[in-house]
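First the structure, in the form of structure tokens, and then the observations on it.
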Amino acid sequence: MELQAVLMAAGGGSRMTDLTYNTPKPMLPVGNKPLMWYPLNLLERVGFEEVIVITTREVHKMMSTDPKTKLDIKMKLDVVCIQEDGDMGTADALRHIHQKVKTDILVVSCDLITDVALHEVVDLFRAHNATVAMLMSKAHEFTETVPGQKGKKKTAEQRDFVGVDQSGKRLLFMANEADLEDGLIVRRSIIRKHPRMHIKTGLVDAHLYCLKKAVVDFLAENKSISSIRGELVPFLVRKQFSKMTSGQKRMDDTETVDQKNDGLTNDDLFFPSRDEALLQLAQERSCWNDHRGDMSEAYHGGKLRCYVHIMDQGLCYRVNTLSAYIEANRMVSHMWFCHRSAHFVVHPLLMLHFVFHPQMGSDSMIGAGCHVADKTSIKRSTIGISTTVKEKVKVTNSIIMHGVTIEEGCNIQGSVICSNAVIGRGADLKYCLVGNGQRIEPEGDTYSNTKKSILLEVSVTFGLV
Amino acid sequence: MQIEGKELTKEEKQRLRKEKKQQKKGKEKKDASLPQVSVAETAAPASQLKAERRARQEAERTSKQSKKGDTGQPATTSKPKIPPNELQPGTQNTWSDHPHHMLYLIKQWLSPEIFFFQIPRRLDYGYKVSLFSHLLQYSRKAPLTQQLSIPSAVIHPAIVRLGLQYSQGIVAGSNARSIALLHAFKQVISDYTTPSNEELSRDLVNKLKPYISFLNQCRPLSASMGNAIKYIKKEISNIPSQFKEDDAKKKLLNCIECFIEEKIVLAAKAIAKSSIEKINDGDVILVYGCSSLVNHILCEAFEKGRKFRVIVVDSRPRLEGREALRRLVQKGISCTYVLISAVSYILPEVSKVFLGAHALLANGYVMSRVGTSQIALVAKAFNVPVLVCCETYKFCERVQTDSFVSNELDDPDDLIVTRKGETQLKDWQQVPRLGLLNLVYDVTPPDFVDLVITDLGMIPCTSVPVVLRVKNVDLL
């Protein structure tokens, strides 16, 4: 077996608590499918047959019981439940399943929605015998107005600095702005080996990693690393250029010169594959080099290599903020037009009572079991399963989750309405976020341009504003 | 009847595939069937049509047979589950009566690999120059792995990795490719388990067949690789049946290591020893491209203390000479670097030409990197001796007198170069009747080669068939 897939679905969704306080993040509906479905579908399409899913007990229960969040995945899912206390990082989770890992692994995050050709990432991993291969994508500006935000908010997001070599494939440098105190420090060893380095900041990390088995073994022994993205990958990228200590030369304990805070040698991470000598022989005889201009052999003789595939076209979203969630809902309907297989935009079990046709734009998605009355207008929206939309309702640019009732004459624009909410008759909602099970009074008028109008579990019913 | 058969095959195939899958899962506990299905489904439509056509042919054949009466059924590979007698009683069995049985039997008679699993084919890319239109031309941007499932279960991961490395050029050069191939085969053999009711000597060879065709799709096999494969297949078939699996595997791994040690490593040492006699102090040696053997010889000679300098001749688009230059300069040899267009200017200085070979053909022709024959020709015109260094395992029984009949076409996009931000050939595909030709090999006639240095000694070019004959006698 070549690769084992691991899906990390235990994240809390800490950056969009408005949506996730009730529904766990992997189960949030995007385009009427739970968020988890997208990475699982990607893995299934590519040919995986088994996935190890690391998730919480709550999500596991929802996966198996709740019909609304049914995953129609044909693969075998090996669910590993971990505690929800939130202290377990992604690397800790990998340590937890260390026994199950028998080969190299492909780690995917549950909030990744992408249509990348996965073979591009895996080919880098295979061809160069890399230690880690990851996926990144050029970030797109989110253009939709997010409910509950004053205009176009620019969060003080910490920038990621990613340095790649001339070919754009080899990962030389990775640091987050938060870790850099004075400025960007690039070690001389990197510059000496790769005099031309491109540093990019506008990239979105897709949290899709191919890791060698040796890395998982290494994690099992080094309990100090708790996050893959935050600690492990930057560590591996740094380790590419640290001095190799050859075991024979320095048998004594004066190895502290090279290992400042790591306490590890490069050789620990590099577990020689079978017949290493033969591979070396083949490499020596081959007239290929990955760089030119200096006297060193291919890969500068380094055994630890990190590669990255940067997508510039195609979809790649990480749904971990509200704006990303809304954007993903929009884009998902586009994805399904590209796919020949299945997905009805308007579900066949939709019951339409109509005398006049309800107007539905072709970029809307309506779930199963919905009742949509006539004289409604639904544009660029996603409507979940078992919702009821009465007459004369205008829904534009919104996301309506499952089990919602929208009484007649409502006007909903640019909003997110969570499950089981009830929108009273004649309500007018613009750019709002309505939490789970809330009721909006009839004739309610809600604007969010000037103030936050987010309704939570324990809030008051909303009257006229 | 034909149309009927076609319709039925398409519908029934799905169901029967599922049945077969379940059988296989129960029998062998392998996951081979599911990815087989997915590969078959994602394979080019041509392969599906081929399978259907074959199924139709078999069906017609069996219906003819059933009409004649039942004599022993030709059970080719696996055992038929349903006794064919079921088909017989009295009435005429046509497609419409027993479509299920027909297809089921067909699947029993044809070996599963032929019916289900087809190695996906790479698609041809770009306009091909008419003289070479019989050769295949691929683009590096469309790797074969696109059409395979990612955790490759049908093809061993070591082979997939090797195929990728071949097609991307990470492993290039005749010796390197052979060593990498044998290394991958070692992994395959170590991971191999004999299925029940099968013999290792026969089954392992069958297992290797799809891998070899996969590698061939990634990059056409070289003569050295072909000889290595022949050797392995012979060794596998010669395993006596009473050997236990572990012993057999150990023996095979040992054979592979011996092959590499004898035919490649030791041969290189022997050739270096012979060649050093030919290198005198004060020599100016011309080499072309990057031949691992020639580099080895020069480094050895330098270590032994010979004083010489080297002229490295290079050519586009591969520019392999840069790598040769790096290796020689790293050793301390003083080198000059020119492009092949300057070879006639530099030849008056040269005292010897050392060339590497990809293969030596049975009529004495030398098959090597494109440009070699040109250098040999110019050297002949200047009366400079040309010495070709080649191990005996690269000797090939093919006969070729020109470079057209059998060659390899590389990615045509490699010829496109960007200078000062401008790429003139960017839209070469839009220009009608413009073809980019990126040849890889050419053949040098034996008149231009003065000596061939092999591990058997220094022989003239025309003695190659003698060596081949002697080798074949040994093998028998």
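If you're wondering about the labels, chains in the structure tokens are A, B, ... by order shown, residues count from 1 in each chain, ligands from 1 in order shown.
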Run DSSP on the backbone and grab whatever in range 14-244 of chain A lands in strand (DSSP E or B); send it over as a compact mmCIF listing (two decimals) with N, CA and C atoms, in the first residue's frame.
```txt
# COMPACT_ATOMS: atom_id res chain seq x y z
N PRO A 29 -23.28 22.69 6.88
CA PRO A 29 -23.68 22.42 5.50
C PRO A 29 -23.12 23.46 4.54
N VAL A 30 -22.46 22.98 3.54
CA VAL A 30 -21.98 23.83 2.46
C VAL A 30 -22.57 23.25 1.20
N LYS A 33 -24.33 19.90 1.67
CA LYS A 33 -23.62 18.70 2.10
C LYS A 33 -22.76 19.10 3.28
N PRO A 34 -22.55 18.15 4.21
CA PRO A 34 -21.70 18.53 5.35
C PRO A 34 -20.30 18.83 4.86
N GLU A 50 -9.83 3.62 1.75
CA GLU A 50 -10.01 3.69 3.19
C GLU A 50 -9.50 5.01 3.68
N VAL A 51 -10.18 5.57 4.64
CA VAL A 51 -9.71 6.82 5.24
C VAL A 51 -9.77 6.66 6.74
N ILE A 52 -8.76 7.15 7.42
CA ILE A 52 -8.81 7.21 8.88
C ILE A 52 -9.33 8.59 9.23
N VAL A 53 -10.48 8.64 9.89
CA VAL A 53 -11.08 9.93 10.23
C VAL A 53 -10.88 10.18 11.71
N ILE A 54 -10.23 11.28 12.03
CA ILE A 54 -10.01 11.62 13.43
C ILE A 54 -11.01 12.70 13.78
N THR A 55 -11.92 12.40 14.68
CA THR A 55 -12.97 13.37 14.95
C THR A 55 -13.44 13.23 16.39
N THR A 56 -14.42 14.04 16.73
CA THR A 56 -14.96 13.98 18.09
C THR A 56 -16.16 13.04 18.14
N LYS A 76 -14.28 3.10 3.01
CA LYS A 76 -14.39 2.59 4.37
C LYS A 76 -13.81 3.66 5.29
N LEU A 77 -14.61 4.14 6.23
CA LEU A 77 -14.13 5.18 7.13
C LEU A 77 -13.78 4.57 8.48
N ASP A 78 -12.56 4.75 8.88
CA ASP A 78 -12.11 4.20 10.15
C ASP A 78 -12.09 5.37 11.12
N VAL A 79 -13.15 5.48 11.93
CA VAL A 79 -13.29 6.70 12.75
C VAL A 79 -12.58 6.52 14.07
N VAL A 80 -11.75 7.47 14.40
CA VAL A 80 -11.03 7.47 15.66
C VAL A 80 -11.53 8.68 16.44
N CYS A 81 -12.10 8.46 17.61
CA CYS A 81 -12.66 9.58 18.36
C CYS A 81 -11.66 10.07 19.38
N ILE A 82 -11.55 11.36 19.47
CA ILE A 82 -10.68 11.92 20.49
C ILE A 82 -11.49 12.89 21.34
N ASP A 104 3.33 5.70 4.22
CA ASP A 104 3.28 7.16 4.15
C ASP A 104 1.83 7.62 4.21
N ILE A 105 1.61 8.81 4.72
CA ILE A 105 0.23 9.25 4.90
C ILE A 105 -0.05 10.53 4.15
N LEU A 106 -1.33 10.73 3.87
CA LEU A 106 -1.81 11.95 3.25
C LEU A 106 -2.79 12.55 4.24
N VAL A 107 -2.42 13.67 4.84
CA VAL A 107 -3.26 14.29 5.86
C VAL A 107 -4.09 15.38 5.20
N VAL A 108 -5.39 15.32 5.40
CA VAL A 108 -6.27 16.34 4.82
C VAL A 108 -7.07 16.95 5.96
N SER A 109 -7.35 18.23 5.85
CA SER A 109 -8.17 18.88 6.86
C SER A 109 -9.62 18.85 6.41
N LEU A 112 -11.37 21.63 3.91
CA LEU A 112 -10.76 21.95 2.61
C LEU A 112 -11.75 21.62 1.50
N ILE A 113 -12.05 22.61 0.69
CA ILE A 113 -12.89 22.38 -0.49
C ILE A 113 -12.03 22.73 -1.69
N THR A 114 -11.70 21.74 -2.48
CA THR A 114 -10.84 22.03 -3.61
C THR A 114 -11.08 21.05 -4.74
N VAL A 132 8.11 15.73 2.88
CA VAL A 132 6.77 16.29 2.98
C VAL A 132 6.46 17.00 1.68
N ALA A 133 5.24 16.84 1.23
CA ALA A 133 4.77 17.56 0.05
C ALA A 133 3.43 18.17 0.42
N MET A 134 3.27 19.46 0.14
CA MET A 134 2.02 20.09 0.56
C MET A 134 1.41 20.89 -0.57
N LEU A 135 0.21 21.35 -0.31
CA LEU A 135 -0.53 22.06 -1.34
C LEU A 135 -0.80 23.47 -0.86
N MET A 136 -0.59 24.42 -1.76
CA MET A 136 -0.95 25.79 -1.42
C MET A 136 -1.66 26.39 -2.61
N SER A 137 -2.37 27.47 -2.35
CA SER A 137 -3.11 28.07 -3.46
C SER A 137 -3.03 29.57 -3.35
N LYS A 138 -3.11 30.21 -4.50
CA LYS A 138 -3.13 31.67 -4.48
C LYS A 138 -4.44 32.11 -3.85
N ASP A 160 1.80 34.80 6.14
CA ASP A 160 2.72 33.67 6.04
C ASP A 160 3.72 33.98 4.96
N PHE A 161 4.98 33.82 5.29
CA PHE A 161 6.01 34.01 4.28
C PHE A 161 6.47 32.65 3.80
N VAL A 162 6.34 32.41 2.53
CA VAL A 162 6.72 31.12 1.97
C VAL A 162 7.81 31.36 0.93
N GLY A 163 8.92 30.70 1.08
CA GLY A 163 10.01 30.87 0.12
C GLY A 163 10.16 29.61 -0.72
N VAL A 164 10.14 29.77 -2.03
CA VAL A 164 10.32 28.62 -2.92
C VAL A 164 11.50 28.90 -3.83
N ARG A 170 10.26 23.50 -4.85
CA ARG A 170 10.96 23.14 -3.64
C ARG A 170 10.72 24.20 -2.58
N LEU A 171 10.39 23.76 -1.39
CA LEU A 171 10.04 24.68 -0.32
C LEU A 171 11.29 24.99 0.47
N LEU A 172 11.68 26.25 0.50
CA LEU A 172 12.93 26.60 1.16
C LEU A 172 12.72 27.27 2.50
N PHE A 173 11.61 27.94 2.65
CA PHE A 173 11.49 28.81 3.80
C PHE A 173 10.03 28.96 4.13
N MET A 174 9.70 28.85 5.41
CA MET A 174 8.31 29.06 5.78
C MET A 174 8.27 29.68 7.16
N ALA A 175 7.65 30.81 7.28
CA ALA A 175 7.55 31.43 8.59
C ALA A 175 6.28 32.25 8.65
N ASN A 176 5.75 32.34 9.84
CA ASN A 176 4.57 33.15 10.05
C ASN A 176 4.99 34.47 10.67
N HIS A 198 12.14 32.79 -4.31
CA HIS A 198 10.96 33.64 -4.44
C HIS A 198 10.17 33.56 -3.15
N ILE A 199 9.91 34.72 -2.55
CA ILE A 199 9.16 34.72 -1.30
C ILE A 199 7.76 35.21 -1.60
N LYS A 200 6.79 34.40 -1.21
CA LYS A 200 5.40 34.75 -1.52
C LYS A 200 4.63 34.92 -0.22
N LEU A 203 -0.41 33.41 -0.18
CA LEU A 203 -0.79 32.03 -0.43
C LEU A 203 -1.65 31.49 0.69
N VAL A 204 -2.58 30.64 0.32
CA VAL A 204 -3.44 29.98 1.29
C VAL A 204 -2.93 28.55 1.45
N ASP A 205 -2.66 28.18 2.68
CA ASP A 205 -2.21 26.82 2.92
C ASP A 205 -3.42 25.90 2.96
N ALA A 206 -3.41 24.91 2.10
CA ALA A 206 -4.60 24.06 2.03
C ALA A 206 -4.62 22.98 3.09
N HIS A 207 -3.59 22.89 3.90
CA HIS A 207 -3.53 21.87 4.95
C HIS A 207 -3.69 20.48 4.39
N LEU A 208 -3.04 20.25 3.26
CA LEU A 208 -3.03 18.91 2.70
C LEU A 208 -1.57 18.51 2.61
N TYR A 209 -1.19 17.50 3.36
CA TYR A 209 0.22 17.14 3.44
C TYR A 209 0.41 15.67 3.15
N CYS A 210 1.45 15.38 2.39
CA CYS A 210 1.91 14.00 2.24
C CYS A 210 3.14 13.87 3.13
N LEU A 211 3.07 12.99 4.08
CA LEU A 211 4.19 12.84 5.00
C LEU A 211 4.73 11.45 4.94
```
Exercise. Show me which bits of chain A are within 7 Å of chain B, counting only C-alpha atoms, as a ChimeraX atom specification.
Key: /A:1-3,46-48,119,126-127,278-279,282-283,285-288,295
Quiz prompt | Among the residues B:Asn280, B:Gln217, B:Ser334, B:Asn407, the one that comes closest to His134 in chain B [using only C-alpha atoms] | solution = B:Asn407
Exercise. Give me the residues within 10 Å of Leu123 in chain B as a list in words, counting only C-alpha atoms and dropping any in the same chain fewer than 2 places off.
Key: Ala44, Pro120, Arg121, Tyr125, Gly126, Leu136, Gln137, Tyr138, Ser139, Ala142, Pro143, Leu144 and Gln217 of chain B
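Picture a line from CA of Lys394 in chain B to CA of Ala359 in chain B; it runs 5.0 Å.
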Exercise. May I ask which of the residues B:Lys426, B:Lys269, B:Lys141, B:Lys380 is the closest one to Leu456 in chain B, counting only C-alpha atoms?
Key: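 Of B:Lys426, B:Lys269, B:Lys141, B:Lys380, the one nearest Leu456 in chain B is B:Lys269, counting only C-alpha atoms.
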Exercise. Tell me which protein, DNA and RNA residues are within 10 Å of Phe132 in chain B, counting only C-alpha atoms, leaving out same-chain ones fewer than 4 positions away, and put them as a list in words.
Key: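 The filter keeps Lys128, Leu136, Gln137, Ser403, Phe404, Val405, Ser406, Asn407, Glu408, Leu409, Leu437 and Leu439 of chain B.
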Export, as a tab-separated table (two decimals), in the first residue's frame, the selected residues with all heavy atoms.
```
chain	number	residue	atom	x	y	z
B	128	LYS	N	3.45	15.72	-35.24
B	128	LYS	CA	4.71	14.98	-35.38
B	128	LYS	C	5.24	15.14	-36.79
B	128	LYS	O	4.51	15.04	-37.76
B	128	LYS	CB	4.46	13.50	-35.11
B	128	LYS	CG	4.30	13.19	-33.63
B	128	LYS	CD	4.40	11.74	-33.35
B	128	LYS	CE	3.07	11.07	-33.58
B	128	LYS	NZ	3.01	9.78	-32.88
B	136	LEU	N	6.15	7.58	-30.81
B	136	LEU	CA	5.24	8.22	-29.86
B	136	LEU	C	5.88	9.46	-29.29
B	136	LEU	O	7.08	9.48	-29.02
B	136	LEU	CB	4.94	7.24	-28.73
B	136	LEU	CG	4.29	5.96	-29.21
B	136	LEU	CD1	4.49	4.86	-28.20
B	136	LEU	CD2	2.83	6.20	-29.43
B	137	GLN	N	5.06	10.47	-29.12
B	137	GLN	CA	5.56	11.74	-28.61
B	137	GLN	C	4.67	12.18	-27.46
B	137	GLN	O	3.48	12.37	-27.65
B	137	GLN	CB	5.50	12.77	-29.74
B	137	GLN	CG	6.05	14.12	-29.37
B	137	GLN	CD	6.18	15.00	-30.61
B	137	GLN	OE1	7.09	14.84	-31.39
B	137	GLN	NE2	5.25	15.90	-30.77
B	403	SER	N	18.65	6.33	-38.20
B	403	SER	CA	18.07	6.77	-36.93
B	403	SER	C	16.57	6.99	-37.02
B	403	SER	O	15.97	7.50	-36.09
B	403	SER	CB	18.70	8.07	-36.48
B	403	SER	OG	20.08	8.05	-36.71
B	404	PHE	N	15.95	6.62	-38.14
B	404	PHE	CA	14.53	6.93	-38.28
B	404	PHE	C	13.65	5.80	-37.80
B	404	PHE	O	12.63	6.01	-37.18
B	404	PHE	CB	14.18	7.21	-39.75
B	404	PHE	CG	14.98	8.32	-40.33
B	404	PHE	CD1	16.01	8.06	-41.22
B	404	PHE	CD2	14.72	9.63	-39.97
B	404	PHE	CE1	16.75	9.08	-41.75
B	404	PHE	CE2	15.46	10.65	-40.51
B	404	PHE	CZ	16.48	10.38	-41.40
B	405	VAL	N	14.08	4.60	-38.15
B	405	VAL	CA	13.20	3.45	-37.97
B	405	VAL	C	12.80	3.26	-36.51
B	405	VAL	O	11.66	3.03	-36.18
B	405	VAL	CB	13.93	2.21	-38.53
B	405	VAL	CG1	13.66	0.99	-37.72
B	405	VAL	CG2	13.60	2.02	-39.97
B	406	SER	N	13.76	3.36	-35.63
B	406	SER	CA	13.44	3.13	-34.23
B	406	SER	C	14.19	4.16	-33.41
B	406	SER	O	15.40	4.19	-33.42
B	406	SER	CB	13.87	1.70	-33.85
B	406	SER	OG	13.99	1.60	-32.47
B	407	ASN	N	13.44	5.02	-32.76
B	407	ASN	CA	14.07	6.10	-32.03
B	407	ASN	C	13.13	6.50	-30.91
B	407	ASN	O	12.11	5.86	-30.68
B	407	ASN	CB	14.31	7.28	-32.99
B	407	ASN	CG	15.52	8.11	-32.56
B	407	ASN	OD1	15.75	8.30	-31.38
B	407	ASN	ND2	16.28	8.59	-33.53
B	408	GLU	N	13.46	7.55	-30.23
B	408	GLU	CA	12.58	8.04	-29.18
B	408	GLU	C	12.36	9.53	-29.38
B	408	GLU	O	13.31	10.25	-29.68
B	408	GLU	CB	13.22	7.78	-27.81
B	408	GLU	CG	12.31	8.10	-26.65
B	408	GLU	CD	13.02	8.03	-25.32
B	408	GLU	OE1	13.94	7.21	-25.18
B	408	GLU	OE2	12.66	8.82	-24.44
B	409	LEU	N	11.14	9.95	-29.24
B	409	LEU	CA	10.84	11.37	-29.36
B	409	LEU	C	10.58	11.93	-27.97
B	409	LEU	O	9.74	11.41	-27.24
B	409	LEU	CB	9.60	11.59	-30.24
B	409	LEU	CG	9.73	11.27	-31.71
B	409	LEU	CD1	8.41	11.52	-32.40
B	409	LEU	CD2	10.80	12.11	-32.35
B	437	LEU	N	10.76	18.76	-33.44
B	437	LEU	CA	11.33	17.41	-33.36
B	437	LEU	C	12.42	17.39	-32.32
B	437	LEU	O	13.39	18.12	-32.41
B	437	LEU	CB	11.89	17.03	-34.73
B	437	LEU	CG	12.49	15.63	-34.84
B	437	LEU	CD1	11.39	14.61	-34.66
B	437	LEU	CD2	13.14	15.47	-36.19
B	439	LEU	N	14.65	14.66	-31.05
B	439	LEU	CA	15.13	13.28	-31.10
B	439	LEU	C	16.03	13.00	-29.92
B	439	LEU	O	16.72	13.89	-29.44
B	439	LEU	CB	15.94	13.06	-32.38
B	439	LEU	CG	15.16	12.74	-33.65
B	439	LEU	CD1	16.16	12.52	-34.76
B	439	LEU	CD2	14.34	11.49	-33.45
```
Quiz item: Per DSSP on the backbone, what are the helix (DSSP H, G or I) residues of range 298-350 of chain B, as a ChimeraX atom specification?
Solution: /B:298-304,321-331,340-349
